[in-house]
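Peer 1: model_14.cif (mmCIF, C-alpha atoms and all ligand atoms) pasted underneath:
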```
data_structure
loop_
_atom_site.label_atom_id
_atom_site.label_comp_id
_atom_site.auth_asym_id
_atom_site.auth_seq_id
_atom_site.Cartn_x
_atom_site.Cartn_y
_atom_site.Cartn_z
CA MET A 25 105.61 108.42 116.06
CA LYS A 26 103.10 111.27 116.10
CA THR A 27 105.04 114.47 115.50
CA GLY A 28 106.07 116.00 112.20
CA TYR A 29 109.64 116.54 113.36
CA ASN A 30 112.75 114.82 111.97
CA LYS A 31 116.14 115.64 113.54
CA GLY A 32 114.79 119.06 114.52
CA ILE A 33 113.53 119.84 110.99
CA LYS A 34 109.77 120.26 110.72
CA LEU A 35 108.44 118.14 107.86
CA LYS A 36 105.39 119.14 105.82
CA LYS A 37 102.39 116.93 106.60
CA ILE A 38 100.01 115.15 104.27
CA LEU A 39 96.80 113.16 104.81
CA ILE A 40 96.33 110.24 102.42
CA THR A 41 92.94 108.50 102.62
CA GLY A 42 92.70 104.87 101.50
CA ALA A 43 96.42 104.69 102.22
CA SER A 44 96.50 100.92 102.87
CA GLY A 45 95.14 100.18 99.37
CA LEU A 46 96.93 99.46 96.10
CA LEU A 47 97.59 103.07 95.10
CA GLY A 48 97.62 104.31 98.70
CA LYS A 49 100.63 102.17 99.67
CA SER A 50 102.70 103.55 96.78
CA LEU A 51 101.64 107.08 97.68
CA VAL A 52 102.80 106.58 101.28
CA GLU A 53 106.13 105.24 100.00
CA VAL A 54 106.72 108.12 97.57
CA CYS A 55 105.68 110.82 100.07
CA LEU A 56 108.00 109.39 102.76
CA GLU A 57 110.89 109.27 100.26
CA ASN A 58 110.23 112.96 99.56
CA ASN A 59 110.45 113.90 103.24
CA LEU A 60 106.80 114.43 104.01
CA PHE A 61 105.28 113.39 107.32
CA VAL A 62 102.43 111.10 106.28
CA ILE A 63 99.11 110.71 108.10
CA ALA A 64 97.73 107.57 106.50
CA GLN A 65 94.12 106.41 106.84
CA TYR A 66 93.16 102.72 106.72
CA HIS A 67 89.97 100.83 107.44
CA LYS A 68 90.60 97.18 108.42
CA SER A 69 94.20 96.23 107.61
CA LYS A 70 96.81 98.43 109.29
CA PRO A 71 100.16 98.25 107.47
CA GLU A 72 103.43 98.03 109.43
CA SER A 73 104.57 101.17 111.23
CA GLN A 74 107.25 103.28 109.59
CA LYS A 75 109.24 106.34 110.58
CA ASN A 76 107.40 109.62 109.85
CA CYS A 77 104.14 107.80 109.15
CA GLN A 78 101.13 107.82 111.48
CA TRP A 79 98.35 105.34 110.68
CA LEU A 80 94.79 106.36 111.60
CA GLN A 81 91.83 103.98 111.49
CA ALA A 82 88.51 105.14 110.02
CA ASP A 83 85.34 103.69 108.56
CA PHE A 84 83.80 106.24 106.15
CA PHE A 85 80.43 104.58 106.63
CA ASP A 86 78.34 107.76 106.74
CA LEU A 87 78.80 111.51 107.22
CA LYS A 88 78.69 111.14 111.01
CA SER A 89 81.59 108.67 111.00
CA ILE A 90 83.67 110.94 108.72
CA LYS A 91 82.99 113.99 110.93
CA THR A 92 83.91 111.96 114.04
CA PHE A 93 87.20 110.84 112.42
CA LEU A 94 88.10 114.43 111.50
CA LYS A 95 87.15 115.92 114.88
CA LYS A 96 88.93 113.21 116.86
CA ASN A 97 92.14 113.68 114.89
CA GLN A 98 91.92 117.47 114.49
CA PRO A 99 95.09 118.15 116.58
CA ASP A 100 97.17 115.91 114.27
CA LEU A 101 95.50 117.02 111.03
CA ALA A 102 95.76 120.75 111.84
CA GLY A 103 99.38 120.92 110.62
CA CYS A 104 98.66 119.35 107.20
CA HIS A 105 99.61 121.22 104.00
CA TYR A 106 98.56 118.49 101.57
CA LEU A 107 95.59 116.14 101.04
CA ILE A 108 95.25 113.18 98.68
CA ASN A 109 91.71 111.77 98.54
CA THR A 110 92.59 108.25 97.40
CA TYR A 111 89.59 106.41 98.90
CA GLY A 112 87.03 105.73 96.14
CA PRO A 113 85.36 102.31 95.79
CA ILE A 114 83.67 100.97 92.66
CA THR A 115 80.38 99.07 92.20
CA LEU A 116 80.46 96.71 89.21
CA LYS A 117 76.98 95.61 88.09
CA SER A 118 75.28 95.61 84.71
CA VAL A 119 72.89 98.52 84.12
CA PRO A 120 69.64 96.49 84.52
CA GLU A 121 70.88 95.07 87.86
CA LEU A 122 71.57 98.47 89.40
CA LYS A 123 69.43 99.78 92.23
CA SER A 124 69.21 103.37 93.48
CA GLU A 125 71.27 102.28 96.49
CA ASP A 126 74.20 101.45 94.17
CA TYR A 127 74.17 104.96 92.66
CA TYR A 128 73.93 106.42 96.16
CA HIS A 129 76.78 104.22 97.41
CA ASP A 130 79.27 105.23 94.73
CA PHE A 131 78.27 108.90 94.91
CA PHE A 132 78.59 108.96 98.69
CA HIS A 133 81.93 107.12 98.84
CA ASN A 134 83.61 108.87 95.88
CA VAL A 135 82.18 112.38 96.17
CA LEU A 136 80.69 113.22 99.57
CA THR A 137 83.67 111.79 101.47
CA VAL A 138 85.95 114.06 99.42
CA ILE A 139 83.76 117.12 99.99
CA GLU A 140 83.49 116.52 103.75
CA ILE A 141 87.23 115.97 104.21
CA THR A 142 88.27 118.79 101.86
CA GLN A 143 85.97 121.35 103.51
CA PHE A 144 87.32 120.38 106.93
CA PHE A 145 90.87 120.83 105.57
CA ILE A 146 90.05 124.25 104.08
CA HIS A 147 88.83 125.51 107.46
CA HIS A 148 91.06 123.70 109.97
CA THR A 149 94.47 123.04 108.39
CA LEU A 150 97.30 124.77 106.48
CA LEU A 151 95.98 123.35 103.20
CA GLN A 152 98.01 124.27 100.09
CA SER A 153 97.29 121.46 97.67
CA VAL A 154 94.73 118.70 97.05
CA VAL A 155 94.73 115.78 94.60
CA ASN A 156 91.57 113.80 93.88
CA ILE A 157 91.57 110.55 91.91
CA GLY A 158 89.48 109.90 88.81
CA PHE A 159 89.67 107.03 86.33
CA GLU A 160 90.64 106.60 82.70
CA ASN A 161 87.39 107.59 80.96
CA LEU A 162 86.84 110.75 82.94
CA GLY A 163 85.27 113.60 80.97
CA LYS A 164 84.09 111.37 78.11
CA ILE A 165 80.40 111.22 77.23
CA MET A 166 79.89 107.49 76.72
CA ALA A 167 77.73 104.52 77.69
CA TYR A 168 78.77 102.19 80.51
CA LYS A 169 78.00 98.49 80.77
CA GLU A 170 79.17 97.83 84.32
CA ALA A 171 80.53 100.88 86.08
CA LEU A 172 77.81 103.51 85.61
CA PRO A 173 77.43 104.71 89.25
CA TYR A 174 81.22 104.96 89.60
CA ALA A 175 81.54 106.87 86.30
CA ILE A 176 78.79 109.30 87.37
CA ALA A 177 80.47 109.85 90.73
CA LYS A 178 83.98 110.34 89.33
CA ASN A 179 82.71 112.82 86.70
CA ALA A 180 80.98 114.75 89.48
CA LEU A 181 84.32 114.76 91.30
CA LEU A 182 85.96 116.39 88.27
CA LEU A 183 83.35 119.19 88.27
CA ILE A 184 83.80 119.67 92.00
CA THR A 185 87.60 119.76 91.69
CA LYS A 186 87.40 122.37 88.90
CA SER A 187 84.88 124.48 90.86
CA PHE A 188 86.91 124.37 94.08
CA ALA A 189 90.01 125.34 92.05
CA ARG A 190 88.18 128.37 90.72
CA TYR A 191 86.85 129.48 94.10
CA TYR A 192 89.83 128.79 96.39
CA LYS A 193 92.61 130.51 94.44
CA ASN A 194 95.17 130.11 97.23
CA ILE A 195 94.87 126.29 97.17
CA ARG A 196 95.92 124.02 94.27
CA PHE A 197 93.18 121.54 93.31
CA ASN A 198 94.02 118.79 90.82
CA LEU A 199 92.61 115.48 89.71
CA VAL A 200 94.66 112.55 88.43
CA SER A 201 93.07 109.79 86.36
CA PRO A 202 94.99 106.52 86.16
CA VAL A 203 94.13 103.65 83.85
CA THR A 204 93.64 100.29 85.61
CA LEU A 205 96.39 99.66 88.17
CA TYR A 206 98.53 96.51 87.95
CA GLY A 207 97.34 94.32 90.81
CA ALA A 208 93.77 95.65 90.82
CA ILE A 209 91.05 93.10 91.54
CA GLU A 210 88.53 94.91 89.35
CA LYS A 211 89.88 95.33 85.79
CA LEU A 212 88.30 96.99 82.79
CA LYS A 213 88.35 94.43 79.97
CA ASN A 214 91.27 94.85 77.53
CA GLY A 215 92.24 98.13 79.17
CA ASN A 216 95.84 99.32 79.58
CA GLN A 217 97.41 98.93 82.99
CA VAL A 218 99.84 101.12 84.90
CA PHE A 219 102.11 100.53 87.89
CA PRO A 220 100.77 102.18 91.08
CA ARG A 221 104.27 103.51 91.79
CA LEU A 222 104.30 105.51 88.51
CA VAL A 223 100.89 106.98 89.34
CA ALA A 224 102.07 107.84 92.85
CA GLU A 225 105.18 109.63 91.51
CA ASN A 226 103.03 111.71 89.16
CA ILE A 227 100.64 112.56 91.98
CA TYR A 228 103.54 113.63 94.18
CA ASP A 229 104.87 115.95 91.46
CA ILE A 230 101.41 117.49 91.12
CA ILE A 231 100.61 117.87 94.82
CA SER A 232 104.00 119.41 95.54
CA GLY A 233 103.60 121.92 92.69
CA LYS A 234 106.37 120.55 90.41
CA LYS A 235 103.73 119.81 87.78
CA SER A 236 100.14 120.96 87.35
CA GLY A 237 97.16 119.25 85.81
CA LEU A 238 93.44 119.50 86.47
CA ASN A 239 92.60 116.21 84.77
CA VAL A 240 95.80 114.34 84.02
CA THR A 241 95.51 110.79 82.68
CA ILE A 242 98.33 108.46 83.74
CA GLU A 243 98.82 105.47 81.44
N1 LIG B 1 92.30 100.00 91.06
C1 LIG B 1 92.29 100.55 89.86
O1 LIG B 1 92.60 99.91 88.84
C2 LIG B 1 91.91 102.00 89.69
C3 LIG B 1 91.88 102.56 88.41
C4 LIG B 1 91.55 103.90 88.27
C5 LIG B 1 91.26 104.66 89.40
N2 LIG B 1 91.26 104.07 90.64
C6 LIG B 1 90.95 104.91 91.79
O2 LIG B 1 92.16 104.96 92.57
C7 LIG B 1 91.83 105.08 93.96
C8 LIG B 1 92.53 103.97 94.73
O3 LIG B 1 92.07 102.72 94.28
P1 LIG B 1 92.74 101.35 94.79
O4 LIG B 1 92.41 100.30 93.81
O5 LIG B 1 94.15 101.62 95.19
O6 LIG B 1 91.86 101.08 96.13
P2 LIG B 1 91.92 99.79 97.05
O7 LIG B 1 93.17 99.01 96.85
O8 LIG B 1 90.62 99.06 96.92
O9 LIG B 1 92.01 100.42 98.53
C9 LIG B 1 90.90 100.79 99.25
C10 LIG B 1 91.30 101.64 100.46
O10 LIG B 1 90.13 102.18 101.10
C11 LIG B 1 90.07 101.72 102.46
N3 LIG B 1 88.70 101.45 102.81
C12 LIG B 1 87.91 100.43 102.39
N4 LIG B 1 86.67 100.53 102.93
C13 LIG B 1 86.68 101.65 103.70
C14 LIG B 1 85.70 102.29 104.52
N5 LIG B 1 84.46 101.81 104.68
N6 LIG B 1 86.06 103.43 105.15
C15 LIG B 1 87.30 103.95 105.02
N7 LIG B 1 88.27 103.38 104.28
C16 LIG B 1 87.96 102.24 103.62
C17 LIG B 1 90.93 100.45 102.48
O11 LIG B 1 91.35 100.20 103.82
P3 LIG B 1 91.74 98.68 104.30
O12 LIG B 1 92.90 98.27 103.43
O13 LIG B 1 92.16 98.85 105.71
O14 LIG B 1 90.53 97.86 104.12
C18 LIG B 1 92.05 100.86 101.53
O15 LIG B 1 92.95 101.71 102.18
C19 LIG B 1 90.31 105.07 94.04
O16 LIG B 1 89.83 106.39 94.06
C20 LIG B 1 89.90 104.38 92.74
O17 LIG B 1 88.59 104.76 92.35
C21 LIG B 1 91.58 102.77 90.81
#
```
Rewrite the structure from the file as structure tokens, please.

Peer 2:
Amino acid sequence: MKTGYNKGIKLKKILITGASGLLGKSLVEVCLENNLFVIAQYHKSKPESQKNCQWLQADFFDLKSIKTFLKKNQPDLAGCHYLINTYGPITLKSVPELKSEDYYHDFFHNVLTVIEITQFFIHHTLLQSVVNIGFENLGKIMAYKEALPYAIAKNALLLITKSFARYYKNIRFNLVSPVTLYGAIEKLKNGNQVFPRLVAENIYDIISGKKSGLNVTIE
């Protein structure tokens, strides 16, 4: 199904990137339960089709591939009110092992993808509300043993989210920081864990304006 119509009622549309992942799947579920029409991006593993959910394939390999994805799907994305930038991979290596490419990788995939997609949404859609995803230590000045490029990138994302919120007053910009998700392959040692469904419910409340929070930690 490609339209945002349900029994003659026009549903509000949302794009969720990384929608086939651990958090993404719960976000799709919660948004569908709350009567949104979901445009869900995946890379390699397309989940089963569902009513009011349109799966779009993309590889956010470089800026050109992101721009191509957005341009190609512009007619479907144009009606979106909401955007959740879920895609955000992590590099885990000890500090001495890290190469410049690792810093570039995490910055590109956590920050530049969000900027590219968000700017497209600001100019080409009905954008009302955006949620970006951080992680549990966001905003803390601390040393990292294994996740330094990721921590740098996610902290940059917080600054970008705050700055966009200040500039684009007609759009809600928020950032939600979950602790490690139950089921995650990469776990921070001894850290608390949270169910993806609980995080998704909190994100829904924030994106739909029921709650606000520029850097909300979910634990
Ligand atoms: N996992 C945690 O414990 C945790 C904790 C705190 C914050 N976070 C943050 O929460 C967010 C979601 O994390 P997650 O663990 O749910 O992610 P995940 O399960 O690893 O999911 C990754 C998603 O990104 C897609 N993807 C992978 N490579 C791609 C590429 N080259 N181009 C485009 N899409 C690609 C995957 O598609 P396919 O399935 O098709 O491959 C999948 O939808 C991230 O921003 C992460 O930093 C995670």

Peer 1: Using only C-alpha atoms and all ligand atoms, which residues of chain A come within 6 Å of ligand LIG 1 (chain B), and what is the closest atom pair for each, with the distance in Å to one decimal? Give it as JSON lines, sorted by chain and residue number.

Peer 2:
```
{"residue": "A:Gly42", "atom": "CA", "partner": "B:LIG1", "partner_atom": "O15", "distance": 3.2}
{"residue": "A:Ala43", "atom": "CA", "partner": "B:LIG1", "partner_atom": "O15", "distance": 4.6}
{"residue": "A:Ser44", "atom": "CA", "partner": "B:LIG1", "partner_atom": "O15", "distance": 3.7}
{"residue": "A:Gly45", "atom": "CA", "partner": "B:LIG1", "partner_atom": "O9", "distance": 3.2}
{"residue": "A:Leu46", "atom": "CA", "partner": "B:LIG1", "partner_atom": "O5", "distance": 3.6}
{"residue": "A:Leu47", "atom": "CA", "partner": "B:LIG1", "partner_atom": "O5", "distance": 3.7}
{"residue": "A:Gly48", "atom": "CA", "partner": "B:LIG1", "partner_atom": "O5", "distance": 5.6}
{"residue": "A:Tyr66", "atom": "CA", "partner": "B:LIG1", "partner_atom": "O13", "distance": 4.1}
{"residue": "A:His67", "atom": "CA", "partner": "B:LIG1", "partner_atom": "O13", "distance": 3.4}
{"residue": "A:Lys68", "atom": "CA", "partner": "B:LIG1", "partner_atom": "O13", "distance": 3.5}
{"residue": "A:Ser69", "atom": "CA", "partner": "B:LIG1", "partner_atom": "O13", "distance": 3.8}
{"residue": "A:Lys70", "atom": "CA", "partner": "B:LIG1", "partner_atom": "O13", "distance": 5.9}
{"residue": "A:Ala82", "atom": "CA", "partner": "B:LIG1", "partner_atom": "C15", "distance": 5.3}
{"residue": "A:Asp83", "atom": "CA", "partner": "B:LIG1", "partner_atom": "N6", "distance": 3.5}
{"residue": "A:Phe84", "atom": "CA", "partner": "B:LIG1", "partner_atom": "N6", "distance": 3.7}
{"residue": "A:Phe85", "atom": "CA", "partner": "B:LIG1", "partner_atom": "N5", "distance": 5.3}
{"residue": "A:Thr110", "atom": "CA", "partner": "B:LIG1", "partner_atom": "O16", "distance": 4.7}
{"residue": "A:Tyr111", "atom": "CA", "partner": "B:LIG1", "partner_atom": "O10", "distance": 4.8}
{"residue": "A:Gly112", "atom": "CA", "partner": "B:LIG1", "partner_atom": "O16", "distance": 3.5}
{"residue": "A:Pro113", "atom": "CA", "partner": "B:LIG1", "partner_atom": "O17", "distance": 5.3}
{"residue": "A:Ile157", "atom": "CA", "partner": "B:LIG1", "partner_atom": "O16", "distance": 5.0}
{"residue": "A:Gly158", "atom": "CA", "partner": "B:LIG1", "partner_atom": "C5", "distance": 5.6}
{"residue": "A:Phe159", "atom": "CA", "partner": "B:LIG1", "partner_atom": "C4", "distance": 4.1}
{"residue": "A:Pro202", "atom": "CA", "partner": "B:LIG1", "partner_atom": "C4", "distance": 4.8}
{"residue": "A:Val203", "atom": "CA", "partner": "B:LIG1", "partner_atom": "C4", "distance": 5.1}
{"residue": "A:Thr204", "atom": "CA", "partner": "B:LIG1", "partner_atom": "O1", "distance": 3.4}
{"residue": "A:Leu205", "atom": "CA", "partner": "B:LIG1", "partner_atom": "O1", "distance": 3.9}
{"residue": "A:Ala208", "atom": "CA", "partner": "B:LIG1", "partner_atom": "N1", "distance": 4.6}
```

Peer 1: Find the residue from A:Lys34, A:His147, A:Lys95, A:Lys75 that sits nearest to A:Val52; use all atoms listed in the file when measuring.

Peer 2: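 Among A:Lys34, A:His147, A:Lys95, A:Lys75, it is A:Lys75 that comes nearest to A:Val52.
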
Peer 1: Could you please give me, as a PyMOL selection string, the residues of protein, DNA or RNA lying at most 12 Å from (106.6, 104.7, 101.0) in the coordinate frame of the file, considering all atoms listed in the file?

Peer 2: chain A and resi 40+43-44+47-64+71-77+220-221+224-225+228

Peer 1: Select, from A:Phe197, A:Tyr192, A:Phe132, A:Tyr106, the residue with the minimum atom-to-atom distance to A:Pro173, counting all atoms listed in the file.

Peer 2: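 When distances to A:Pro173 are compared using all atoms listed in the file, the smallest one comes from A:Phe132.
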
Peer 1: A:Ala167, A:Leu199, A:Leu116, A:Leu172: which is nearest A:Val154, counting all atoms listed in the file?

Peer 2: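 For A:Val154, the nearest of the given residues is A:Leu199.
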
Peer 1: Quick check, in Å to one decimal: how far apart do atom CA of A:Phe131 and atom CA of A:Glu170 lie?

Peer 2: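 Computing the Euclidean distance for atom CA of A:Phe131 and atom CA of A:Glu170 yields 15.3 Å.
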